[in-house]
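Here is the structure we will look at.
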Amino acid sequence: MLDNRYEHLKVEEGQYEGWVKEGYFTAGDTSKKPYCLVIPPPNVTGKLHLGHSWDNTLQDIITRYKRMCGFDTLYLPGMDHAGIATQAKVDQRLKEQGVSRYDIGREKFLEQAWAWKEEYAGFIRQQWASMGIALDYTRERFTLDEGLSRAVRREFVQLYKEGLISQGERIINWDPAAKTALSNIEVIYKPTKGYMYHFKYDVVENGRQIVVATTRPETMFGDVCVVVHPDDERYKDIVGMHVINPANHQPLPIITDDYIDIEFGTGAMKCTPAHDPNDFIIGEKYGFDKPVCINPDGTMNALAGEYEGLDRYECRERLVERIKSEGHLDRLEDIEHNVGYSERTDVIVEPYLSKQWFVKMKPLAEDVLKFQKDDETKIHFYPERFEKTFLQWLENIEDWCISRQLWWGHRIPVWYHKQTGEIYCEMEDPKDPENWIQDEDVLDTWFSSALWPFTTLNWPDEDDPDYKRYYPTDCLVTGYDIIFFWVARMAFQARHFTHNRPFRDVLIHGLVRDELGRKMSKSLGNGVDPMDVKQRYGADALRFFLTTNSTPGADLRYSDTKVEASWNFINKIWNASRFVQMNTEGMKIEDIDLTHLNSIDSWLLDKLNKVIASTSANMEKYEFAIVGNELYNFVWNDFCSWYIELSKSTLNSEDPQVVKATRSTLLYALIAILKLLHPFMPFVTEKIYGDLPHQAAALCVDSWPQTIELSKANNEEVELIINVTSIIRQLRVDYSIKPSTMLEITLKDEEGRLLDVDLETNNMLIKLARAKCTNEESEDMIVRPLNNGSLALSAAQIIDYQAEYDKLIKEQTRLENEIRRSTGMLSNQNFIAKAPKEKIDNEKEKLESYKAQFDIVAEQLAQVKAKL
């Protein structure tokens, strides 16, 4: 059941539709400098998860910020067809209807797949709208739309003609559940418990036995030989002889090769060329056949004899039992080894000899590596450490298997002549289709996704206005888990086809985990639906949580408590806006006048200037967590907690100029705050903006706030009021002093001299803290450290000396820790060498302040101790 206290901040209804209808998100203003992002396309297998919401919101923040900074921003939407995953979903739906894709045929199946796509594309658009993602729907794309399909065909045909795509029989990763090939990076390796099976092999020629070990006994039906090292003395006398394969009782020749590690296991290795990539190399080298003993669905074929039709793992168990009964099982060894699982179906991948299409990757990767050395042409990673990950993968790249045994996807544009076997690969279909058969396979989904940054902008038409204006794009936001899958592939395809980088910057984020740091999964039942969170707390609270609770590249732990804290922050802004509206009623935007500011107004505007400057600088560096923290502190503490309270006295002034200045400051500051927060929480800021006097048609198309020139502000005076008020309030809590009790206090500077407090400051302290300054001192004074000074009041007003002693001890300990920490930092040569000068100077100032405060506390401790 929803908590009604959240309801008043759910202001999303109708706003998004209004933004889209007014064309605020539609790019194309050629009077402005272009800025472009393309959305990481969600696949149409289902609704968006929290990771998608994180991606989308981060890019939306950048888009809204850049639009407010005066750019012609294009945030281009689109979706991915996700071949394996979507086909699995449609297969499941058909199964529930009692049919399979083979029953209805390819064309009818594709109709079902397109219907699925339309259904789930609708859900995805609804979720984009719910999260306020500022997309230009006039340019929405899909990886299987006509334009992108044409571009993918151009890509394949060109690479084929350049000799970079070819067909061949190799060991590939085979997914027995999806019945398709996988690329290397679609295989996830997991620690898995199993056995090393040690079998006895009888030597035919002399009756000797040797032991050969394997983790996959079921593949023994595809063995062609046993291999030993040529220098291994244990086997020199039997090289060239034969052993009997315990699985099928067939003889296998004993050969030698330098590949074998003498020290590993028994030094004798069985060779299965069709089911192991290293064995494949040996089989090729010595001209062995490559018998395949496992079917595409993971069952055993006719080579397995009595085990034909059994699942590969059931065959394993039965085969081992039979070999054991025949006396040829030497031993079982418990092991834990890394086993490859399909990234899509989570079944164990089978290394499998298959005829597939491959992209020759080295030349493409070398081109990217060359341009990564130049700052003007490279892709910039945020954080920088992920560039190393990117480069290492490119430097060690392997050929890419791009064919998939599916129906949903871009069908490979290759035809085989029925009579001659000739291959046809062109941009147009054969003119005599009755004489040709098209390849049944489709292309790996990532083959089309690799073109996403430029095909969405209408490549290969390089004269297209969007392509010329917005390409290369400016920024991509994505997770570190798909740097290999997607970022690297976009990099080499863009470099090859457009002779450019696909984007200037890549902002990398981590994974969304649960509160315990575990990856979210169905098996753990710890997944979180972003729409459920949005329904409870509102989109703005979820957006602010997602984008300000982790640094670039780091994982994010989902926490209801932290989302609620974001809601509380928004509620604070909402309540502050009600106060501002009540006290600026009747004002117009042109009525704002900041020429007669009092010290409190100047203090706030000076703080605001610093926040605007810092926020702008960190937005450019994608440091959204820092931005969020600074805005939170400024809005919550400086504006809401202090300025609004301090303004209540000036709003009641009899001087109209004072009142006008404070009303102007309230309105000006709130509008600036709304602008600064708008990229993070668009709905509530737009709602409040619309209720205030404003200049632009909507906040999302207003300008980013700029710093203003101020006469030198007397910030020390306001900081003194805040500091003293905070201390007095804490003293009232610590000593249970009634709020109505007027306290007399003495203020001194660091040198122990009495501070000369003016009448305005004294009156403000009386109103805020129920404390007034005096120059009178007694022997028994309780002292609290102030910034650059101290506050004292007579013990006669507070009697409990033991409580005072305990508090001073606690404060002394705190200051000792701060002094130790600060001293440690300043004595750390690494910190001194790398930290900015401002940070070092700031730390030195803090250290001096801690020492001065410590001396005051030590002196007071001695005095209080004498009273006990």
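Labeling convention for the structure tokens: chains A, B, ... as they appear, residues from 1 per chain, ligands from 1 in order of appearance.
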
Closest atom pairs, residues of range 550-649 of chain A within 12 Å of range 50-60 of chain A, only C-alpha atoms, as a Markdown table:
| residue | atom | partner | partner_atom | distance |
| --- | --- | --- | --- | --- |
| A:Ser550 | CA | A:Trp54 | CA | 11.0 |
| A:Thr551 | CA | A:Leu58 | CA | 11.9 |
| A:Pro552 | CA | A:Leu58 | CA | 10.6 |
| A:Asp555 | CA | A:Gly51 | CA | 10.5 |
| A:Leu556 | CA | A:Trp54 | CA | 9.7 |
| A:Arg557 | CA | A:Leu50 | CA | 11.0 |
| A:Tyr558 | CA | A:Leu50 | CA | 9.2 |
| A:Met619 | CA | A:Leu58 | CA | 11.0 |
| A:Tyr622 | CA | A:Leu58 | CA | 8.9 |
| A:Glu623 | CA | A:Leu58 | CA | 10.7 |
| A:Phe624 | CA | A:Leu58 | CA | 8.6 |
| A:Ala625 | CA | A:Leu58 | CA | 11.1 |

Skipping near chain neighbours, those fewer than 6 positions away, what residues fall within 12 Å of range 500-502 of chain A using only C-alpha atoms, listed as a PyMOL selection string? chain A and resi 36-38+367-372+374-380+450-457+467+470-476+486-494

Next, the residues of the selection above should be written as a short mmCIF file (atom, residue, chain, number, x, y, z; two decimals), in the first residue's frame with N, CA and C atoms.
data_model
loop_
_atom_site.label_atom_id
_atom_site.label_comp_id
_atom_site.auth_asym_id
_atom_site.auth_seq_id
_atom_site.Cartn_x
_atom_site.Cartn_y
_atom_site.Cartn_z
N CYS A 36 25.12 16.02 -29.50
CA CYS A 36 24.33 14.82 -29.79
C CYS A 36 24.72 13.65 -28.89
N LEU A 37 23.68 12.95 -28.42
CA LEU A 37 23.84 11.67 -27.75
C LEU A 37 22.84 10.70 -28.37
N VAL A 38 23.26 9.46 -28.56
CA VAL A 38 22.31 8.42 -28.99
C VAL A 38 22.09 7.48 -27.82
N ASP A 367 43.68 -0.12 -36.45
CA ASP A 367 43.30 1.23 -36.87
C ASP A 367 42.84 2.06 -35.67
N VAL A 368 42.02 1.46 -34.82
CA VAL A 368 41.53 2.17 -33.62
C VAL A 368 42.69 2.49 -32.69
N LEU A 369 43.56 1.51 -32.47
CA LEU A 369 44.70 1.70 -31.57
C LEU A 369 45.58 2.85 -32.02
N LYS A 370 45.75 2.98 -33.32
CA LYS A 370 46.59 4.06 -33.86
C LYS A 370 45.99 5.43 -33.51
N PHE A 371 44.69 5.56 -33.67
CA PHE A 371 44.06 6.86 -33.44
C PHE A 371 43.84 7.15 -31.95
N GLN A 372 43.92 6.12 -31.10
CA GLN A 372 43.81 6.35 -29.66
C GLN A 372 45.04 7.04 -29.09
N ASP A 374 46.28 9.81 -30.26
CA ASP A 374 46.17 11.24 -30.52
C ASP A 374 44.95 11.79 -29.77
N ASP A 375 45.18 12.79 -28.93
CA ASP A 375 44.10 13.34 -28.11
C ASP A 375 42.97 13.91 -28.95
N GLU A 376 43.28 14.36 -30.14
CA GLU A 376 42.27 14.97 -31.00
C GLU A 376 41.39 13.93 -31.70
N THR A 377 41.86 12.71 -31.82
CA THR A 377 41.10 11.69 -32.55
C THR A 377 40.65 10.54 -31.66
N LYS A 378 41.13 10.47 -30.44
CA LYS A 378 40.83 9.34 -29.56
C LYS A 378 39.44 9.45 -28.95
N ILE A 379 38.96 8.34 -28.42
CA ILE A 379 37.75 8.30 -27.60
C ILE A 379 38.21 8.50 -26.16
N HIS A 380 37.62 9.47 -25.47
CA HIS A 380 38.01 9.80 -24.09
C HIS A 380 37.11 9.03 -23.11
N ALA A 450 26.90 -2.22 -33.60
CA ALA A 450 28.21 -1.56 -33.74
C ALA A 450 28.13 -0.33 -34.63
N LEU A 451 27.09 -0.23 -35.45
CA LEU A 451 26.92 0.91 -36.36
C LEU A 451 26.01 1.99 -35.78
N TRP A 452 25.50 1.75 -34.60
CA TRP A 452 24.42 2.58 -34.02
C TRP A 452 24.70 4.09 -34.04
N PRO A 453 25.88 4.58 -33.66
CA PRO A 453 26.07 6.04 -33.59
C PRO A 453 25.94 6.75 -34.93
N PHE A 454 26.22 6.05 -36.04
CA PHE A 454 26.16 6.75 -37.33
C PHE A 454 25.00 6.28 -38.22
N THR A 455 24.57 5.01 -38.11
CA THR A 455 23.42 4.60 -38.92
C THR A 455 22.14 5.27 -38.43
N THR A 456 22.05 5.57 -37.13
CA THR A 456 20.88 6.29 -36.62
C THR A 456 20.81 7.71 -37.18
N LEU A 457 21.95 8.21 -37.65
CA LEU A 457 22.01 9.55 -38.26
C LEU A 457 22.07 9.45 -39.80
N TYR A 467 23.45 13.63 -40.35
CA TYR A 467 24.78 13.02 -40.29
C TYR A 467 25.86 14.11 -40.31
N TYR A 470 25.44 16.24 -36.73
CA TYR A 470 25.55 15.66 -35.39
C TYR A 470 26.60 14.56 -35.24
N TYR A 471 27.22 14.15 -36.35
CA TYR A 471 28.22 13.08 -36.25
C TYR A 471 29.63 13.64 -36.43
N PRO A 472 30.61 13.17 -35.65
CA PRO A 472 30.48 12.17 -34.59
C PRO A 472 29.71 12.72 -33.39
N THR A 473 29.09 11.81 -32.65
CA THR A 473 28.30 12.23 -31.49
C THR A 473 29.24 12.67 -30.37
N ASP A 474 28.66 13.26 -29.34
CA ASP A 474 29.49 13.87 -28.29
C ASP A 474 29.76 12.96 -27.10
N CYS A 475 28.75 12.20 -26.70
CA CYS A 475 28.94 11.41 -25.47
C CYS A 475 28.08 10.16 -25.52
N LEU A 476 28.64 9.08 -25.02
CA LEU A 476 27.90 7.83 -24.81
C LEU A 476 27.98 7.49 -23.33
N TRP A 486 30.18 -3.78 -26.99
CA TRP A 486 29.59 -2.71 -27.77
C TRP A 486 30.54 -1.54 -28.03
N VAL A 487 31.16 -0.99 -27.00
CA VAL A 487 31.99 0.21 -27.18
C VAL A 487 33.12 -0.06 -28.16
N ALA A 488 33.83 -1.18 -27.98
CA ALA A 488 34.96 -1.49 -28.87
C ALA A 488 34.48 -1.70 -30.31
N ARG A 489 33.36 -2.37 -30.46
CA ARG A 489 32.86 -2.65 -31.81
C ARG A 489 32.39 -1.37 -32.50
N MET A 490 31.77 -0.47 -31.76
CA MET A 490 31.41 0.82 -32.35
C MET A 490 32.67 1.57 -32.77
N ALA A 491 33.72 1.45 -31.95
CA ALA A 491 34.96 2.18 -32.24
C ALA A 491 35.57 1.72 -33.56
N PHE A 492 35.70 0.38 -33.77
CA PHE A 492 36.38 -0.04 -35.00
C PHE A 492 35.48 0.05 -36.23
N GLN A 493 34.18 -0.11 -36.06
CA GLN A 493 33.31 0.04 -37.23
C GLN A 493 33.21 1.52 -37.64
N ALA A 494 33.15 2.42 -36.67
CA ALA A 494 33.12 3.85 -36.99
C ALA A 494 34.40 4.27 -37.68
#

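Note that CA of Lys270 in chain A and CA of Gly207 in chain A are 18.6 Å apart.
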
_I need the residues in range 190-414 of chain A that are helix (DSSP H, G or I) according to DSSP; give them as an MDAnalysis selection string._
chainID A and resid 217:222 277:286 302:307 312:325 362:371 385:395

- [ ] Determine, counting only C-alpha atoms, which protein, DNA and RNA residues have an atom within 9 Å of an atom of Leu148 in chain A; residues of the same chain fewer than 3 positions away are not included. Present the result as a ChimeraX atom specification.
- [x] /A:141-145,151-153,448,451-452,455-456,458-459

Restricting to only C-alpha atoms, whichever of A:Glu816, A:Glu263, A:Asp80, A:Glu317 is closest to Tyr197 in chain A is A:Glu317

Å distance separating CA of His509 in chain A from CA of Val477 in chain A, one decimal place |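 Separating CA of His509 in chain A from CA of Val477 in chain A is a distance of 7.5 Å.
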
Judged by only C-alpha atoms, the minimum distance to Leu546 in chain A among A:Leu826, A:Ala576, A:Ala247, A:Phe680 is found for A:Phe680

Self-check item: strand (DSSP E) residues, from DSSP on the backbone, in range 183-227 of chain A, as a ChimeraX atom specification
Solution: /A:187-202,209-214,225-227

Atoms to include: N, CA and C atoms. Write the selected residues as a compact mmCIF listing (two decimals), in the first residue's frame.
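Output file selection-v6.txt is given in full below:
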# COMPACT_ATOMS: atom_id res chain seq x y z
N VAL A 187 30.32 -15.36 -23.91
CA VAL A 187 30.52 -16.50 -23.01
C VAL A 187 30.99 -15.98 -21.66
N ILE A 188 30.28 -16.35 -20.61
CA ILE A 188 30.61 -15.93 -19.25
C ILE A 188 31.24 -17.11 -18.53
N TYR A 189 32.44 -16.90 -18.02
CA TYR A 189 33.14 -17.99 -17.32
C TYR A 189 32.85 -17.94 -15.82
N LYS A 190 32.42 -19.11 -15.29
CA LYS A 190 32.06 -19.19 -13.88
C LYS A 190 32.83 -20.34 -13.22
N PRO A 191 33.27 -20.15 -11.97
CA PRO A 191 33.88 -21.27 -11.25
C PRO A 191 32.84 -22.38 -11.07
N THR A 192 33.16 -23.58 -11.50
CA THR A 192 32.20 -24.69 -11.48
C THR A 192 32.88 -25.94 -10.94
N LYS A 193 32.22 -26.61 -10.02
CA LYS A 193 32.78 -27.85 -9.46
C LYS A 193 32.58 -29.00 -10.44
N GLY A 194 33.57 -29.86 -10.54
CA GLY A 194 33.48 -31.00 -11.45
C GLY A 194 34.55 -32.02 -11.12
N TYR A 195 34.87 -32.85 -12.11
CA TYR A 195 35.89 -33.90 -11.91
C TYR A 195 36.91 -33.85 -13.04
N MET A 196 38.13 -34.22 -12.70
CA MET A 196 39.12 -34.60 -13.71
C MET A 196 39.08 -36.13 -13.73
N TYR A 197 38.69 -36.69 -14.88
CA TYR A 197 38.54 -38.14 -15.02
C TYR A 197 39.85 -38.72 -15.56
N HIS A 198 40.46 -39.61 -14.83
CA HIS A 198 41.72 -40.25 -15.23
C HIS A 198 41.40 -41.67 -15.71
N PHE A 199 41.64 -41.92 -17.01
CA PHE A 199 41.32 -43.22 -17.60
C PHE A 199 42.60 -43.97 -18.01
N LYS A 200 42.51 -45.30 -17.95
CA LYS A 200 43.62 -46.16 -18.37
C LYS A 200 43.44 -46.53 -19.85
N TYR A 201 44.47 -46.29 -20.62
CA TYR A 201 44.46 -46.63 -22.04
C TYR A 201 45.45 -47.78 -22.27
N ASP A 202 45.00 -48.86 -22.90
CA ASP A 202 45.87 -50.01 -23.19
C ASP A 202 46.64 -49.77 -24.49
N GLN A 209 49.88 -49.95 -20.05
CA GLN A 209 48.80 -49.00 -19.83
C GLN A 209 49.36 -47.61 -19.55
N ILE A 210 48.73 -46.60 -20.14
CA ILE A 210 49.05 -45.21 -19.79
C ILE A 210 47.77 -44.54 -19.31
N VAL A 211 47.91 -43.48 -18.53
CA VAL A 211 46.75 -42.78 -17.99
C VAL A 211 46.60 -41.43 -18.70
N VAL A 212 45.40 -41.18 -19.17
CA VAL A 212 45.05 -39.92 -19.85
C VAL A 212 43.87 -39.31 -19.10
N ALA A 213 43.92 -37.99 -18.85
CA ALA A 213 42.88 -37.32 -18.06
C ALA A 213 42.06 -36.38 -18.94
N THR A 214 40.80 -36.21 -18.59
CA THR A 214 39.91 -35.26 -19.29
C THR A 214 38.82 -34.79 -18.33
N CYS A 225 43.56 -39.10 -31.62
CA CYS A 225 44.91 -39.55 -31.26
C CYS A 225 45.18 -39.21 -29.80
N VAL A 226 46.32 -39.69 -29.29
CA VAL A 226 46.84 -39.27 -28.00
C VAL A 226 48.18 -38.59 -28.27
N VAL A 227 48.41 -37.43 -27.61
CA VAL A 227 49.60 -36.62 -27.90
C VAL A 227 50.48 -36.53 -26.65

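Nearest to Ala541 in chain A of all the residues A:Glu717, A:Glu804, A:Glu12, A:Asp780 is A:Glu12, counting only C-alpha atoms.
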
Subject >> Straight-line distance linking CA of Ile62 in chain A with CA of Pro693 in chain A, stated in Å to one decimal >> reply: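 Interatomic distance, CA of Ile62 in chain A to CA of Pro693 in chain A: 26.0 Å.
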
Test item: residues at most 12 Å from Ser614 in chain A, only C-alpha atoms, excluding those fewer than 3 positions along its chain, as a PyMOL selection string: chain A and resi 607-611+617-621+623-624+626-631+634+676+705-707

- Message: Using only C-alpha atoms, which protein or nucleic acid residues come within 7 Å of Asp540 in chain A? Drop anything in the same chain fewer than 5 positions from it, and give the result as a list of chain:residue names.
- Response: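 Once the nearby chain positions are removed, what remains is A:Met681, A:Pro682, A:Phe683.
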
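Residue nearest Gly327 in chain A within the list A:Asn828, A:Arg536, A:Ser711, A:Pro246: A:Pro246 [criterion: smallest interatomic distance, only C-alpha atoms].
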
Next on the checklist: I want to know what sits within 9 Å of Ala121 in chain A, based on only C-alpha atoms, with residues of the same chain fewer than 3 positions away left out; could you give that as a PyMOL selection string?
Outcome noted: chain A and resi 43-44+46-47+79+116-118+124-126

Checklist entry - Could you name the residues that touch Thr650 in chain A at 10 Å or less, counting only C-alpha atoms, but leaving out those on the same chain fewer than 4 positions away, as a list in words? => result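 Neighbouring residues, sequence-local ones excluded: Asn598, Ile600, Asp601, Glu645, Leu646, Glu654, Asp655, Pro656, Val658, Val659, Lys660, Ala661, Thr662, Arg663 and Met764 of chain A.
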